[in-house]
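*Asks:* What follows is protein-v9.pdb, made up of PDB, C-alpha atoms:
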ATOM      1  CA  MET A   1      16.464  11.993 -24.852
ATOM      2  CA  SER A   2      18.492  10.558 -21.949
ATOM      3  CA  ALA A   3      16.807   8.555 -19.201
ATOM      4  CA  PRO A   4      16.130  10.380 -15.927
ATOM      5  CA  ARG A   5      18.546   9.970 -13.045
ATOM      6  CA  TYR A   6      16.812   9.443  -9.725
ATOM      7  CA  GLU A   7      18.093  10.468  -6.297
ATOM      8  CA  THR A   8      15.674   8.593  -4.026
ATOM      9  CA  VAL A   9      14.467   5.021  -3.588
ATOM     10  CA  SER A  10      11.524   4.632  -1.200
ATOM     11  CA  PHE A  11      11.473   1.054   0.098
ATOM     12  CA  LEU A  12       8.536  -0.970   1.491
ATOM     13  CA  SER A  13       8.538  -4.674   2.322
ATOM     14  CA  ASP A  14       7.396  -7.420   4.684
ATOM     15  CA  TYR A  15      11.017  -8.342   5.500
ATOM     16  CA  GLY A  16      10.881  -7.123   9.097
ATOM     17  CA  HIS A  17      14.040  -6.298  11.020
ATOM     18  CA  ALA A  18      14.911  -9.610  12.693
ATOM     19  CA  ASP A  19      16.921 -10.764   9.654
ATOM     20  CA  GLU A  20      19.463  -9.076   7.409
ATOM     21  CA  PHE A  21      17.182  -8.721   4.375
ATOM     22  CA  VAL A  22      16.523  -4.967   4.577
ATOM     23  CA  GLY A  23      20.182  -4.155   5.150
ATOM     24  CA  VAL A  24      21.280  -6.332   2.248
ATOM     25  CA  VAL A  25      18.872  -4.585  -0.137
ATOM     26  CA  HIS A  26      20.208  -1.229   1.059
ATOM     27  CA  SER A  27      23.774  -2.387   0.438
ATOM     28  CA  VAL A  28      23.048  -3.710  -3.056
ATOM     29  CA  ILE A  29      21.504  -0.388  -4.040
ATOM     30  CA  ARG A  30      24.399   1.517  -2.490
ATOM     31  CA  SER A  31      27.018  -0.583  -4.287
ATOM     32  CA  ILE A  32      25.476   0.167  -7.694
ATOM     33  CA  ALA A  33      24.201   3.711  -7.130
ATOM     34  CA  PRO A  34      26.137   5.345  -4.270
ATOM     35  CA  HIS A  35      24.433   8.700  -4.826
ATOM     36  CA  VAL A  36      20.988   7.337  -3.917
ATOM     37  CA  THR A  37      19.182   7.952  -0.633
ATOM     38  CA  VAL A  38      17.061   4.975   0.430
ATOM     39  CA  ILE A  39      14.042   5.888   2.546
ATOM     40  CA  ASP A  40      12.479   3.050   4.527
ATOM     41  CA  LEU A  41       8.702   3.401   4.474
ATOM     42  CA  VAL A  42       7.788   0.260   6.441
ATOM     43  CA  HIS A  43       9.143  -3.285   6.738
ATOM     44  CA  ASP A  44       6.973  -4.763   9.498
ATOM     45  CA  LEU A  45       3.956  -5.465   7.323
ATOM     46  CA  ALA A  46       2.231  -8.793   7.857
ATOM     47  CA  PRO A  47       4.178 -11.464   5.953
ATOM     48  CA  PHE A  48       2.674 -12.396   2.569
ATOM     49  CA  ASP A  49      -0.199  -9.882   2.954
ATOM     50  CA  VAL A  50      -0.218  -8.412  -0.556
ATOM     51  CA  ARG A  51      -3.496  -6.594  -0.071
ATOM     52  CA  GLY A  52      -2.467  -4.965   3.202
ATOM     53  CA  ALA A  53       0.856  -3.937   1.688
ATOM     54  CA  SER A  54      -0.818  -2.526  -1.422
ATOM     55  CA  LEU A  55      -3.030  -0.370   0.772
ATOM     56  CA  ALA A  56      -0.054   0.831   2.824
ATOM     57  CA  LEU A  57       1.755   1.726  -0.380
ATOM     58  CA  SER A  58      -1.255   3.582  -1.773
ATOM     59  CA  ARG A  59      -1.553   5.584   1.468
ATOM     60  CA  THR A  60       2.062   6.674   1.364
ATOM     61  CA  VAL A  61       2.916   7.048  -2.307
ATOM     62  CA  GLN A  62       1.457  10.534  -2.669
ATOM     63  CA  TYR A  63       3.858  11.768   0.025
ATOM     64  CA  VAL A  64       7.096  10.033  -0.977
ATOM     65  CA  ALA A  65       9.970  11.949  -2.540
ATOM     66  CA  PRO A  66      10.077  11.898  -6.349
ATOM     67  CA  GLY A  67      12.013   8.939  -7.676
ATOM     68  CA  ILE A  68      11.733   5.176  -7.430
ATOM     69  CA  VAL A  69       9.431   3.157  -5.189
ATOM     70  CA  LEU A  70      10.684  -0.346  -4.406
ATOM     71  CA  ALA A  71       7.946  -2.562  -2.951
ATOM     72  CA  VAL A  72       8.514  -6.217  -2.098
ATOM     73  CA  VAL A  73       5.769  -8.390  -0.647
ATOM     74  CA  ASP A  74       6.175 -11.445  -2.779
ATOM     75  CA  PRO A  75       4.658 -14.772  -1.720
ATOM     76  CA  GLY A  76       5.031 -15.972  -5.333
ATOM     77  CA  VAL A  77       8.785 -15.394  -5.471
ATOM     78  CA  GLY A  78      10.499 -17.915  -7.714
ATOM     79  CA  THR A  79       7.289 -18.774  -9.591
ATOM     80  CA  SER A  80       6.033 -17.545 -12.957
ATOM     81  CA  ARG A  81       4.765 -14.260 -11.477
ATOM     82  CA  ARG A  82       6.402 -11.341 -13.259
ATOM     83  CA  ALA A  83       8.932  -8.942 -11.772
ATOM     84  CA  ILE A  84       8.205  -5.490 -13.185
ATOM     85  CA  ALA A  85       9.191  -1.853 -13.323
ATOM     86  CA  ALA A  86       6.308   0.489 -14.092
ATOM     87  CA  GLU A  87       6.555   4.150 -15.032
ATOM     88  CA  VAL A  88       3.734   6.297 -13.692
ATOM     89  CA  GLY A  89       2.735   9.737 -14.942
ATOM     90  CA  ASP A  90       4.812   9.305 -18.129
ATOM     91  CA  GLY A  91       7.845   8.731 -15.931
ATOM     92  CA  GLY A  92       7.562  12.193 -14.433
ATOM     93  CA  GLU A  93       6.018  10.745 -11.255
ATOM     94  CA  GLY A  94       8.699   8.080 -11.033
ATOM     95  CA  VAL A  95       8.920   4.311 -11.300
ATOM     96  CA  LEU A  96       7.330   1.544  -9.217
ATOM     97  CA  ILE A  97       9.318  -1.688  -8.927
ATOM     98  CA  GLY A  98       8.085  -4.961  -7.491
ATOM     99  CA  PRO A  99       6.207  -8.178  -8.201
ATOM    100  CA  ASP A 100       3.214  -8.110 -10.520
ATOM    101  CA  ASN A 101       0.802  -9.548  -7.966
ATOM    102  CA  GLY A 102      -1.519  -6.585  -7.297
ATOM    103  CA  LEU A 103       0.885  -4.915  -4.869
ATOM    104  CA  LEU A 104       1.648  -1.945  -7.114
ATOM    105  CA  GLY A 105      -1.825  -1.392  -8.590
ATOM    106  CA  PRO A 106      -3.426   0.978  -6.044
ATOM    107  CA  ALA A 107      -0.271   3.104  -5.789
ATOM    108  CA  ALA A 108      -0.077   3.342  -9.573
ATOM    109  CA  LEU A 109      -3.663   4.592  -9.677
ATOM    110  CA  MET A 110      -2.809   7.234  -7.069
ATOM    111  CA  CYS A 111      -0.018   8.419  -9.379
ATOM    112  CA  GLY A 112      -2.205   8.668 -12.471
ATOM    113  CA  GLY A 113      -1.817   5.119 -13.760
ATOM    114  CA  VAL A 114       0.940   3.105 -15.416
ATOM    115  CA  THR A 115       2.120   4.608 -18.697
ATOM    116  CA  ARG A 116       4.826   2.053 -19.499
ATOM    117  CA  ALA A 117       5.988  -1.186 -17.909
ATOM    118  CA  VAL A 118       8.736  -3.718 -18.476
ATOM    119  CA  GLU A 119       9.399  -7.198 -17.180
ATOM    120  CA  LEU A 120      12.705  -7.423 -15.340
ATOM    121  CA  THR A 121      14.428 -10.194 -17.280
ATOM    122  CA  ASN A 122      17.796  -8.788 -18.412
ATOM    123  CA  PRO A 123      20.511 -10.614 -16.410
ATOM    124  CA  ALA A 124      22.965  -7.795 -17.118
ATOM    125  CA  TYR A 125      21.058  -5.716 -14.552
ATOM    126  CA  GLN A 126      20.598  -8.442 -11.947
ATOM    127  CA  LEU A 127      22.751 -10.313  -9.458
ATOM    128  CA  VAL A 128      23.529 -13.974 -10.055
ATOM    129  CA  PRO A 129      21.184 -15.696  -7.576
ATOM    130  CA  PRO A 130      22.394 -18.605  -5.433
ATOM    131  CA  GLY A 131      18.726 -19.582  -5.220
ATOM    132  CA  PRO A 132      15.404 -18.160  -6.467
ATOM    133  CA  THR A 133      13.893 -16.897  -3.214
ATOM    134  CA  PHE A 134      15.440 -13.434  -2.658
ATOM    135  CA  ALA A 135      14.299 -11.399  -5.649
ATOM    136  CA  GLY A 136      14.438  -8.261  -3.512
ATOM    137  CA  ARG A 137      18.233  -8.588  -3.429
ATOM    138  CA  ASP A 138      18.865 -10.179  -6.825
ATOM    139  CA  VAL A 139      16.280  -8.579  -9.132
ATOM    140  CA  PHE A 140      14.409  -5.622  -7.639
ATOM    141  CA  ALA A 141      17.242  -3.814  -5.824
ATOM    142  CA  PRO A 142      19.611  -3.901  -8.835
ATOM    143  CA  ALA A 143      16.802  -2.693 -11.108
ATOM    144  CA  ALA A 144      16.112   0.239  -8.792
ATOM    145  CA  ALA A 145      19.798   1.123  -8.557
ATOM    146  CA  HIS A 146      20.468   0.933 -12.286
ATOM    147  CA  LEU A 147      17.412   3.061 -13.037
ATOM    148  CA  ALA A 148      18.643   5.575 -10.482
ATOM    149  CA  ARG A 149      21.964   5.757 -12.338
ATOM    150  CA  GLY A 150      20.149   6.655 -15.557
ATOM    151  CA  VAL A 151      19.809   3.286 -17.281
ATOM    152  CA  ALA A 152      16.767   3.367 -19.574
ATOM    153  CA  ILE A 153      13.843   1.350 -18.270
ATOM    154  CA  THR A 154      13.663  -0.546 -21.578
ATOM    155  CA  GLU A 155      17.174  -1.910 -20.950
ATOM    156  CA  LEU A 156      15.864  -3.900 -17.993
ATOM    157  CA  GLY A 157      13.608  -6.133 -20.050
ATOM    158  CA  PRO A 158      10.864  -6.216 -22.679
ATOM    159  CA  GLU A 159       7.923  -3.859 -22.560
ATOM    160  CA  ILE A 160       4.656  -5.455 -21.507
ATOM    161  CA  ASP A 161       1.052  -4.470 -22.145
ATOM    162  CA  THR A 162      -0.021  -2.374 -19.157
ATOM    163  CA  HIS A 163      -3.527  -3.830 -19.440
ATOM    164  CA  THR A 164      -2.146  -7.266 -18.493
ATOM    165  CA  LEU A 165      -0.846  -6.114 -15.101
ATOM    166  CA  VAL A 166      -2.535  -7.727 -12.087
ATOM    167  CA  PRO A 167      -5.246  -5.280 -11.014
ATOM    168  CA  SER A 168      -5.784  -3.393  -7.783
ATOM    169  CA  LEU A 169      -6.991  -5.293  -4.732
ATOM    170  CA  ILE A 170      -8.945  -2.440  -3.108
ATOM    171  CA  PRO A 171     -12.555  -3.508  -2.400
ATOM    172  CA  LEU A 172     -15.544  -1.322  -3.260
ATOM    173  CA  THR A 173     -18.523  -0.422  -1.100
ATOM    174  CA  ARG A 174     -22.019  -1.524  -2.016
ATOM    175  CA  ALA A 175     -25.494  -0.230  -1.239
ATOM    176  CA  GLU A 176     -28.106  -2.461   0.395
ATOM    177  CA  GLY A 177     -31.325  -0.520   0.611
ATOM    178  CA  ASP A 178     -30.633   2.556   2.722
ATOM    179  CA  ALA A 179     -27.469   1.011   4.155
ATOM    180  CA  LEU A 180     -23.887   1.221   2.968
ATOM    181  CA  VAL A 181     -21.745  -1.913   3.255
ATOM    182  CA  GLY A 182     -17.987  -1.507   3.413
ATOM    183  CA  GLU A 183     -15.075  -3.167   5.117
ATOM    184  CA  VAL A 184     -12.058  -2.398   7.258
ATOM    185  CA  LEU A 185      -8.994  -1.669   5.154
ATOM    186  CA  TRP A 186      -6.463  -0.985   7.878
ATOM    187  CA  VAL A 187      -6.124  -0.895  11.656
ATOM    188  CA  ASP A 188      -3.409   1.481  12.876
ATOM    189  CA  ARG A 189      -1.415   1.019  16.089
ATOM    190  CA  TYR A 190      -3.991   3.063  18.028
ATOM    191  CA  GLY A 191      -6.832   0.760  16.997
ATOM    192  CA  ASN A 192      -8.460   3.225  14.594
ATOM    193  CA  CYS A 193     -10.165   1.307  11.787
ATOM    194  CA  GLN A 194     -10.001   2.840   8.324
ATOM    195  CA  LEU A 195     -12.937   1.865   6.092
ATOM    196  CA  ASN A 196     -13.129   1.764   2.300
ATOM    197  CA  VAL A 197     -15.795   4.475   2.578
ATOM    198  CA  ASP A 198     -15.541   7.944   1.125
ATOM    199  CA  PRO A 199     -17.076  10.484   3.534
ATOM    200  CA  GLY A 200     -19.451  11.648   0.813
ATOM    201  CA  GLU A 201     -20.899   8.163   0.471
ATOM    202  CA  ALA A 202     -21.920   8.142   4.128
ATOM    203  CA  ALA A 203     -23.217  11.723   4.244
ATOM    204  CA  PRO A 204     -26.860  10.743   3.514
ATOM    205  CA  LEU A 205     -26.857   8.549   6.628
ATOM    206  CA  GLY A 206     -26.845  11.593   8.918
ATOM    207  CA  ASP A 207     -24.743  12.767  11.835
ATOM    208  CA  VAL A 208     -25.452   9.694  13.985
ATOM    209  CA  VAL A 209     -25.044   6.411  12.128
ATOM    210  CA  GLY A 210     -25.867   2.822  12.963
ATOM    211  CA  VAL A 211     -22.840   0.528  12.793
ATOM    212  CA  ARG A 212     -23.468  -3.193  12.451
ATOM    213  CA  ILE A 213     -20.638  -5.740  12.553
ATOM    214  CA  GLY A 214     -21.615  -9.296  11.713
ATOM    215  CA  ASP A 215     -24.322 -10.598  14.034
ATOM    216  CA  GLU A 216     -23.462  -8.173  16.830
ATOM    217  CA  PRO A 217     -26.111  -5.697  18.019
ATOM    218  CA  ARG A 218     -26.094  -2.424  16.172
ATOM    219  CA  ARG A 219     -24.049   0.377  17.729
ATOM    220  CA  SER A 220     -24.531   4.088  17.157
ATOM    221  CA  ALA A 221     -21.585   6.196  16.017
ATOM    222  CA  ARG A 222     -21.330   9.994  15.848
ATOM    223  CA  ARG A 223     -19.842  11.724  12.838
ATOM    224  CA  VAL A 224     -17.069  13.918  14.289
ATOM    225  CA  HIS A 225     -14.110  15.983  13.105
ATOM    226  CA  THR A 226     -11.765  15.230  16.014
ATOM    227  CA  PHE A 227     -11.299  12.577  18.693
ATOM    228  CA  GLY A 228     -11.915  15.233  21.351
ATOM    229  CA  GLU A 229     -15.578  15.496  20.374
ATOM    230  CA  LEU A 230     -16.219  11.985  21.696
ATOM    231  CA  ARG A 231     -16.855  10.900  25.274
ATOM    232  CA  THR A 232     -15.010   7.980  26.831
ATOM    233  CA  GLY A 233     -16.336   4.726  25.392
ATOM    234  CA  GLN A 234     -18.237   6.467  22.588
ATOM    235  CA  VAL A 235     -17.850   5.246  19.000
ATOM    236  CA  GLY A 236     -17.191   7.804  16.301
ATOM    237  CA  LEU A 237     -16.872   8.042  12.522
ATOM    238  CA  LEU A 238     -14.066  10.396  11.598
ATOM    239  CA  VAL A 239     -12.389  11.386   8.328
ATOM    240  CA  ASP A 240      -8.827  10.137   8.798
ATOM    241  CA  SER A 241      -5.558  11.640   7.611
ATOM    242  CA  TYR A 242      -5.931   9.892   4.232
ATOM    243  CA  GLY A 243      -9.447  11.178   3.575
ATOM    244  CA  LEU A 244     -11.401   7.987   4.290
ATOM    245  CA  LEU A 245     -13.969   7.296   6.976
ATOM    246  CA  ALA A 246     -12.623   5.529  10.071
ATOM    247  CA  VAL A 247     -14.306   3.902  13.077
ATOM    248  CA  VAL A 248     -12.639   5.356  16.176
ATOM    249  CA  MET A 249     -12.887   5.708  19.937
ATOM    250  CA  PRO A 250     -11.216   8.377  22.077
ATOM    251  CA  GLN A 251      -7.922   7.181  23.596
ATOM    252  CA  ALA A 252      -8.997   3.584  23.087
ATOM    253  CA  SER A 253      -8.814   0.889  20.458
ATOM    254  CA  ALA A 254     -11.991   0.677  18.388
ATOM    255  CA  ALA A 255     -10.580  -2.516  16.884
ATOM    256  CA  GLU A 256     -10.405  -4.249  20.258
ATOM    257  CA  ALA A 257     -13.685  -2.871  21.547
ATOM    258  CA  LEU A 258     -15.673  -3.804  18.455
ATOM    259  CA  GLY A 259     -13.782  -6.868  17.254
ATOM    260  CA  LEU A 260     -12.592  -5.269  14.027
ATOM    261  CA  GLU A 261      -9.669  -6.296  11.835
ATOM    262  CA  PRO A 262      -8.705  -5.779   8.184
ATOM    263  CA  GLY A 263     -11.336  -7.391   5.987
ATOM    264  CA  THR A 264     -14.167  -7.182   8.547
ATOM    265  CA  THR A 265     -17.468  -6.198   6.939
ATOM    266  CA  VAL A 266     -19.021  -3.049   8.428
ATOM    267  CA  ARG A 267     -22.586  -2.066   7.667
ATOM    268  CA  LEU A 268     -23.499   1.609   8.100
ATOM    269  CA  GLU A 269     -27.227   2.241   8.524
ATOM    270  CA  PRO A 270     -29.438   5.277   9.017
ATOM    271  CA  LEU A 271     -30.968   5.521  12.485
ATOM    272  CA  GLY A 272     -34.603   6.302  13.002
TER     273      GLY A 272
END
Turn the structure described in the file into structure tokens.
*Replies:*
Amino acid sequence: MSAPRYETVSFLSDYGHADEFVGVVHSVIRSIAPHVTVIDLVHDLAPFDVRGASLALSRTVQYVAPGIVLAVVDPGVGTSRRAIAAEVGDGGEGVLIGPDNGLLGPAALMCGGVTRAVELTNPAYQLVPPGPTFAGRDVFAPAAAHLARGVAITELGPEIDTHTLVPSLIPLTRAEGDALVGEVLWVDRYGNCQLNVDPGEAAPLGDVVGVRIGDEPRRSARRVHTFGELRTGQVGLLVDSYGLLAVVMPQASAAEALGLEPGTTVRLEPLG
């Protein structure tokens, strides 16, 4: 059976737009696979923030076009960390390409898990690097382009045990008595703070919930469906567009008002 030919590469990185890195990766892909459309997901992620990038990738992967996902947030570039290509959903869901540092794990889970993975070691499908620090250009982009042209994934390097891949970095909630302890996963540009809390987990706490952040006094937050149900200055808990509970305020930044940022512990408590 011939290898699939992919039409789309969805690209995420922490390269930003001040330098030429994103454009160079685009050009490398184009030079090898001119038929491919490259879709830029985001490139202004915090530099070196593997966890934040993995969460961004997991939020978006269920909506990307079928094909290849190229993700590069790689503080270990040039070290012994592996460069990998991972088929998800038996290849029918596509291929994730990037460093094996936990970046790809949550997205792979969203796609049904990794069914086959290879380490990208075959120099025939890489550029000759002037130095070891731009794997996005020299290793990952050529791998994505060659896969898109129909090269079999096993041509890119040896298969590796999927159980040895660096695991997901998504934190879990924990119960403390009647309270639920979670943390902020993501703050969007509006200051809405997504928590690692499934709405069902918080349902027993009621429609008005105590929110405690560090040593600050407890605040009350209303469970709402829309921002419009809240009064100015009121804190709400809302199911966001990705299905997780978020701390929000109407037309204001909950992050600024409450001192929240990714990684902040948030304790949700029953009132009364």
*Asks:* Written as an MDAnalysis selection string, which residues does the PyMOL selection byres ((chain A and resi 238-243) around 9) give for the file shown?
*Replies:* chainID A and resid 59 194 198:199 222:227 236:237 244:248
*Asks:* Calculate, to one decimal in Å, the centre and edge lengths of the box along x, y and z of the file that holds all listed atoms of range 111-119 of chain A with 4 Å of margin on each side, and present them as AutoDock Vina command-line options.
*Replies:*
--center_x 3.6 --center_y 0.7 --center_z -14.4 --size_x 19.6 --size_y 23.9 --size_z 18.1
*Asks:* Suppose you want the space between CA of Val118 in chain A and CA of Glu20 in chain A; what is it in Å?
*Replies:* 28.5 Å
*Asks:* Taking all atoms listed in the file into account, name the residue in A:Ala152, A:Leu230, A:Val235, A:Leu268 that is nearest to Ala179 in chain A.
*Replies:* A:Leu268
*Asks:* Which residue, A:Pro217, A:Gly182, A:Pro130, A:Pro204, has the smallest gap to Thr265 in chain A when you use only C-alpha atoms?
*Replies:*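 Closest residue, counting only C-alpha atoms: A:Gly182.
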*Asks:* From the options A:Arg149, A:His35, A:His43, A:Arg116, which residue's atoms come nearest to Asp19 in chain A, counting all atoms listed in the file?
*Replies:*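 Looking at the shortest contact to Asp19 in chain A, the residue is A:His43.
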*Asks:* List as a list of chain:residue names the protein and nucleic acid residues near Cys111 in chain A, meaning an atom at most 7 Å away when all atoms listed in the file are counted, but skip any in the same chain fewer than 6 places from it.
*Replies:*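 With the cut-off at 7 Å, the set is A:Val88, A:Gly89, A:Glu93.
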*Asks:* Find the distance between CA of Gly259 in chain A and CA of Ala56 in chain A and write it in Å to one decimal.
*Replies:* 21.4 Å
*Asks:* Please return, as a list in words, all polymer residues that have at least one atom within 12 Å of the point (8.5, -16.3, -6.8); use all atoms listed in the file and the file's own coordinate frame.
*Replies:*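 The answer, in the requested form, is Phe48, Val72, Val73, Asp74, Pro75, Gly76, Val77, Gly78, Thr79, Ser80, Arg81, Arg82, Ala83, Gly98, Pro99, Asp100, Asn101, Gly131, Pro132, Thr133, Phe134, Ala135, Gly136 and Val139 of chain A.
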*Asks:* For the structure shown, which residues end up in the PyMOL selection byres ((chain A and resi 102) around 8)? Put them as a CSV table (one decimal) with C-alpha atoms, keeping the file's coordinate frame, please?
*Replies:*
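The resulting part-v5.csv:
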chain,number,residue,atom,x,y,z
A,50,VAL,CA,-0.2,-8.4,-0.6
A,51,ARG,CA,-3.5,-6.6,-0.1
A,54,SER,CA,-0.8,-2.5,-1.4
A,99,PRO,CA,6.2,-8.2,-8.2
A,100,ASP,CA,3.2,-8.1,-10.5
A,101,ASN,CA,0.8,-9.5,-8.0
A,103,LEU,CA,0.9,-4.9,-4.9
A,104,LEU,CA,1.6,-1.9,-7.1
A,105,GLY,CA,-1.8,-1.4,-8.6
A,106,PRO,CA,-3.4,1.0,-6.0
A,165,LEU,CA,-0.8,-6.1,-15.1
A,166,VAL,CA,-2.5,-7.7,-12.1
A,167,PRO,CA,-5.2,-5.3,-11.0
A,168,SER,CA,-5.8,-3.4,-7.8
A,169,LEU,CA,-7.0,-5.3,-4.7
*Asks:* Which residues would end up in the selection if the PyMOL selection byres ((chain A and resi 153-160) around 7) were applied here, given that I need the answer as a list in words?
*Replies:* Ala117, Val118, Glu119, Leu120, Thr121, Asn122, Tyr125, Leu147, Val151, Ala152, Asp161 and Thr162 of chain A
*Asks:* Mind writing the picked residues with C-alpha atoms as a PDB file, in the coordinates of the input?
*Replies:*
ATOM      1  CA  ALA A 117       5.988  -1.186 -17.909  1.00  0.00           C
ATOM      2  CA  VAL A 118       8.736  -3.718 -18.476  1.00  0.00           C
ATOM      3  CA  GLU A 119       9.399  -7.198 -17.180  1.00  0.00           C
ATOM      4  CA  LEU A 120      12.705  -7.423 -15.340  1.00  0.00           C
ATOM      5  CA  THR A 121      14.428 -10.194 -17.280  1.00  0.00           C
ATOM      6  CA  ASN A 122      17.796  -8.788 -18.412  1.00  0.00           C
ATOM      7  CA  TYR A 125      21.058  -5.716 -14.552  1.00  0.00           C
ATOM      8  CA  LEU A 147      17.412   3.061 -13.037  1.00  0.00           C
ATOM      9  CA  VAL A 151      19.809   3.286 -17.281  1.00  0.00           C
ATOM     10  CA  ALA A 152      16.767   3.367 -19.574  1.00  0.00           C
ATOM     11  CA  ASP A 161       1.052  -4.470 -22.145  1.00  0.00           C
ATOM     12  CA  THR A 162      -0.021  -2.374 -19.157  1.00  0.00           C
TER      13      THR A 162
END
*Asks:* Enter the distance from CA of Ser58 in chain A to CA of His163 in chain A, in Å, rounded to one decimal.
*Replies:*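 Those two atoms sit 19.3 Å apart.
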*Asks:* My list of candidates is A:Asp188, A:Ala107, A:Pro142, A:Glu216. Which is closest to Pro123 in chain A when distances are computed with all atoms listed in the file?
*Replies:*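 Closest residue, counting all atoms listed in the file: A:Pro142.
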*Asks:* Give me the residues within 8 Å of Tyr15 in chain A as a short mmCIF file (atom, residue, chain, number, x, y, z; two decimals) with C-alpha atoms, keeping the file's coordinate frame, counting all atoms listed in the file and dropping any in the same chain fewer than 3 places off.
*Replies:*
data_model
loop_
_atom_site.label_atom_id
_atom_site.label_comp_id
_atom_site.auth_asym_id
_atom_site.auth_seq_id
_atom_site.Cartn_x
_atom_site.Cartn_y
_atom_site.Cartn_z
CA ASP A 19 16.92 -10.76 9.65
CA PHE A 21 17.18 -8.72 4.38
CA VAL A 22 16.52 -4.97 4.58
CA HIS A 43 9.14 -3.28 6.74
CA ASP A 44 6.97 -4.76 9.50
CA LEU A 45 3.96 -5.46 7.32
CA PRO A 47 4.18 -11.46 5.95
#
*Asks:* Let me make sure I understand: among A:Val64, A:Leu55, A:Val95, A:Leu41, which one has the smallest atom-to-atom distance to Gly113 in chain A if we use only C-alpha atoms?
*Replies:*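 Ranked by minimum distance to Gly113 in chain A, first place goes to A:Val95.
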*Asks:* Got a sec to check which residues sit within 8 Å of (10.7, 8.6, -0.2), counting only C-alpha atoms, and write them as a ChimeraX atom specification?
*Replies:* /A:8-11,38-41,63-67,69
*Asks:* Find, counting all atoms listed in the file, the residue in A:Glu261, A:Val61, A:Val208, A:Glu269 that gets nearest to Gly177 in chain A.
*Replies:*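 Among the listed residues, the smallest separation from Gly177 in chain A belongs to A:Glu269.
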*Asks:* Residues within 6 Å of Ser220 in chain A, please, as a VMD selection string. Count only C-alpha atoms; anything in the same chain fewer than 6 positions from it doesn't count.
*Replies:* chain A and resid 209 to 211
*Asks:* Pull range 209-220 of chain A out of the block and emit N, CA, C and O atoms, as a tab-separated table (two decimals), in the first residue's frame.
*Replies:*
chain	number	residue	atom	x	y	z
A	209	VAL	N	-19.76	29.88	43.47
A	209	VAL	CA	-18.59	29.11	43.91
A	209	VAL	C	-17.58	30.05	44.56
A	209	VAL	O	-17.37	31.18	44.08
A	210	GLY	N	-16.95	29.59	45.61
A	210	GLY	CA	-15.85	30.34	46.20
A	210	GLY	C	-14.57	30.10	45.41
A	210	GLY	O	-14.24	28.96	45.08
A	211	VAL	N	-13.87	31.18	45.10
A	211	VAL	CA	-12.61	31.09	44.36
A	211	VAL	C	-11.51	31.65	45.25
A	211	VAL	O	-11.55	32.81	45.65
A	212	ARG	N	-10.52	30.81	45.53
A	212	ARG	CA	-9.42	31.24	46.39
A	212	ARG	C	-8.11	31.12	45.60
A	212	ARG	O	-7.80	30.07	45.04
A	213	ILE	N	-7.35	32.20	45.60
A	213	ILE	CA	-6.09	32.26	44.86
A	213	ILE	C	-4.98	32.59	45.84
A	213	ILE	O	-4.92	33.71	46.38
A	214	GLY	N	-4.15	31.62	46.13
A	214	GLY	CA	-3.06	31.83	47.09
A	214	GLY	C	-3.59	32.25	48.45
A	214	GLY	O	-4.55	31.66	48.98
A	215	ASP	N	-3.01	33.30	49.01
A	215	ASP	CA	-3.41	33.79	50.32
A	215	ASP	C	-4.44	34.92	50.23
A	215	ASP	O	-4.78	35.53	51.26
A	216	GLU	N	-4.91	35.20	49.03
A	216	GLU	CA	-5.89	36.28	48.86
A	216	GLU	C	-7.23	35.89	49.47
A	216	GLU	O	-7.56	34.70	49.58
A	217	PRO	N	-8.03	36.86	49.88
A	217	PRO	CA	-9.37	36.55	50.40
A	217	PRO	C	-10.20	35.83	49.33
A	217	PRO	O	-10.04	36.06	48.13
A	218	ARG	N	-11.06	34.99	49.78
A	218	ARG	CA	-11.91	34.24	48.86
A	218	ARG	C	-12.88	35.17	48.14
A	218	ARG	O	-13.46	36.06	48.73
A	219	ARG	N	-13.03	34.96	46.85
A	219	ARG	CA	-14.01	35.68	46.04
A	219	ARG	C	-15.13	34.73	45.67
A	219	ARG	O	-14.94	33.51	45.60
A	220	SER	N	-16.31	35.28	45.43
A	220	SER	CA	-17.41	34.45	44.92
A	220	SER	C	-17.49	34.62	43.41
A	220	SER	O	-17.23	35.70	42.87
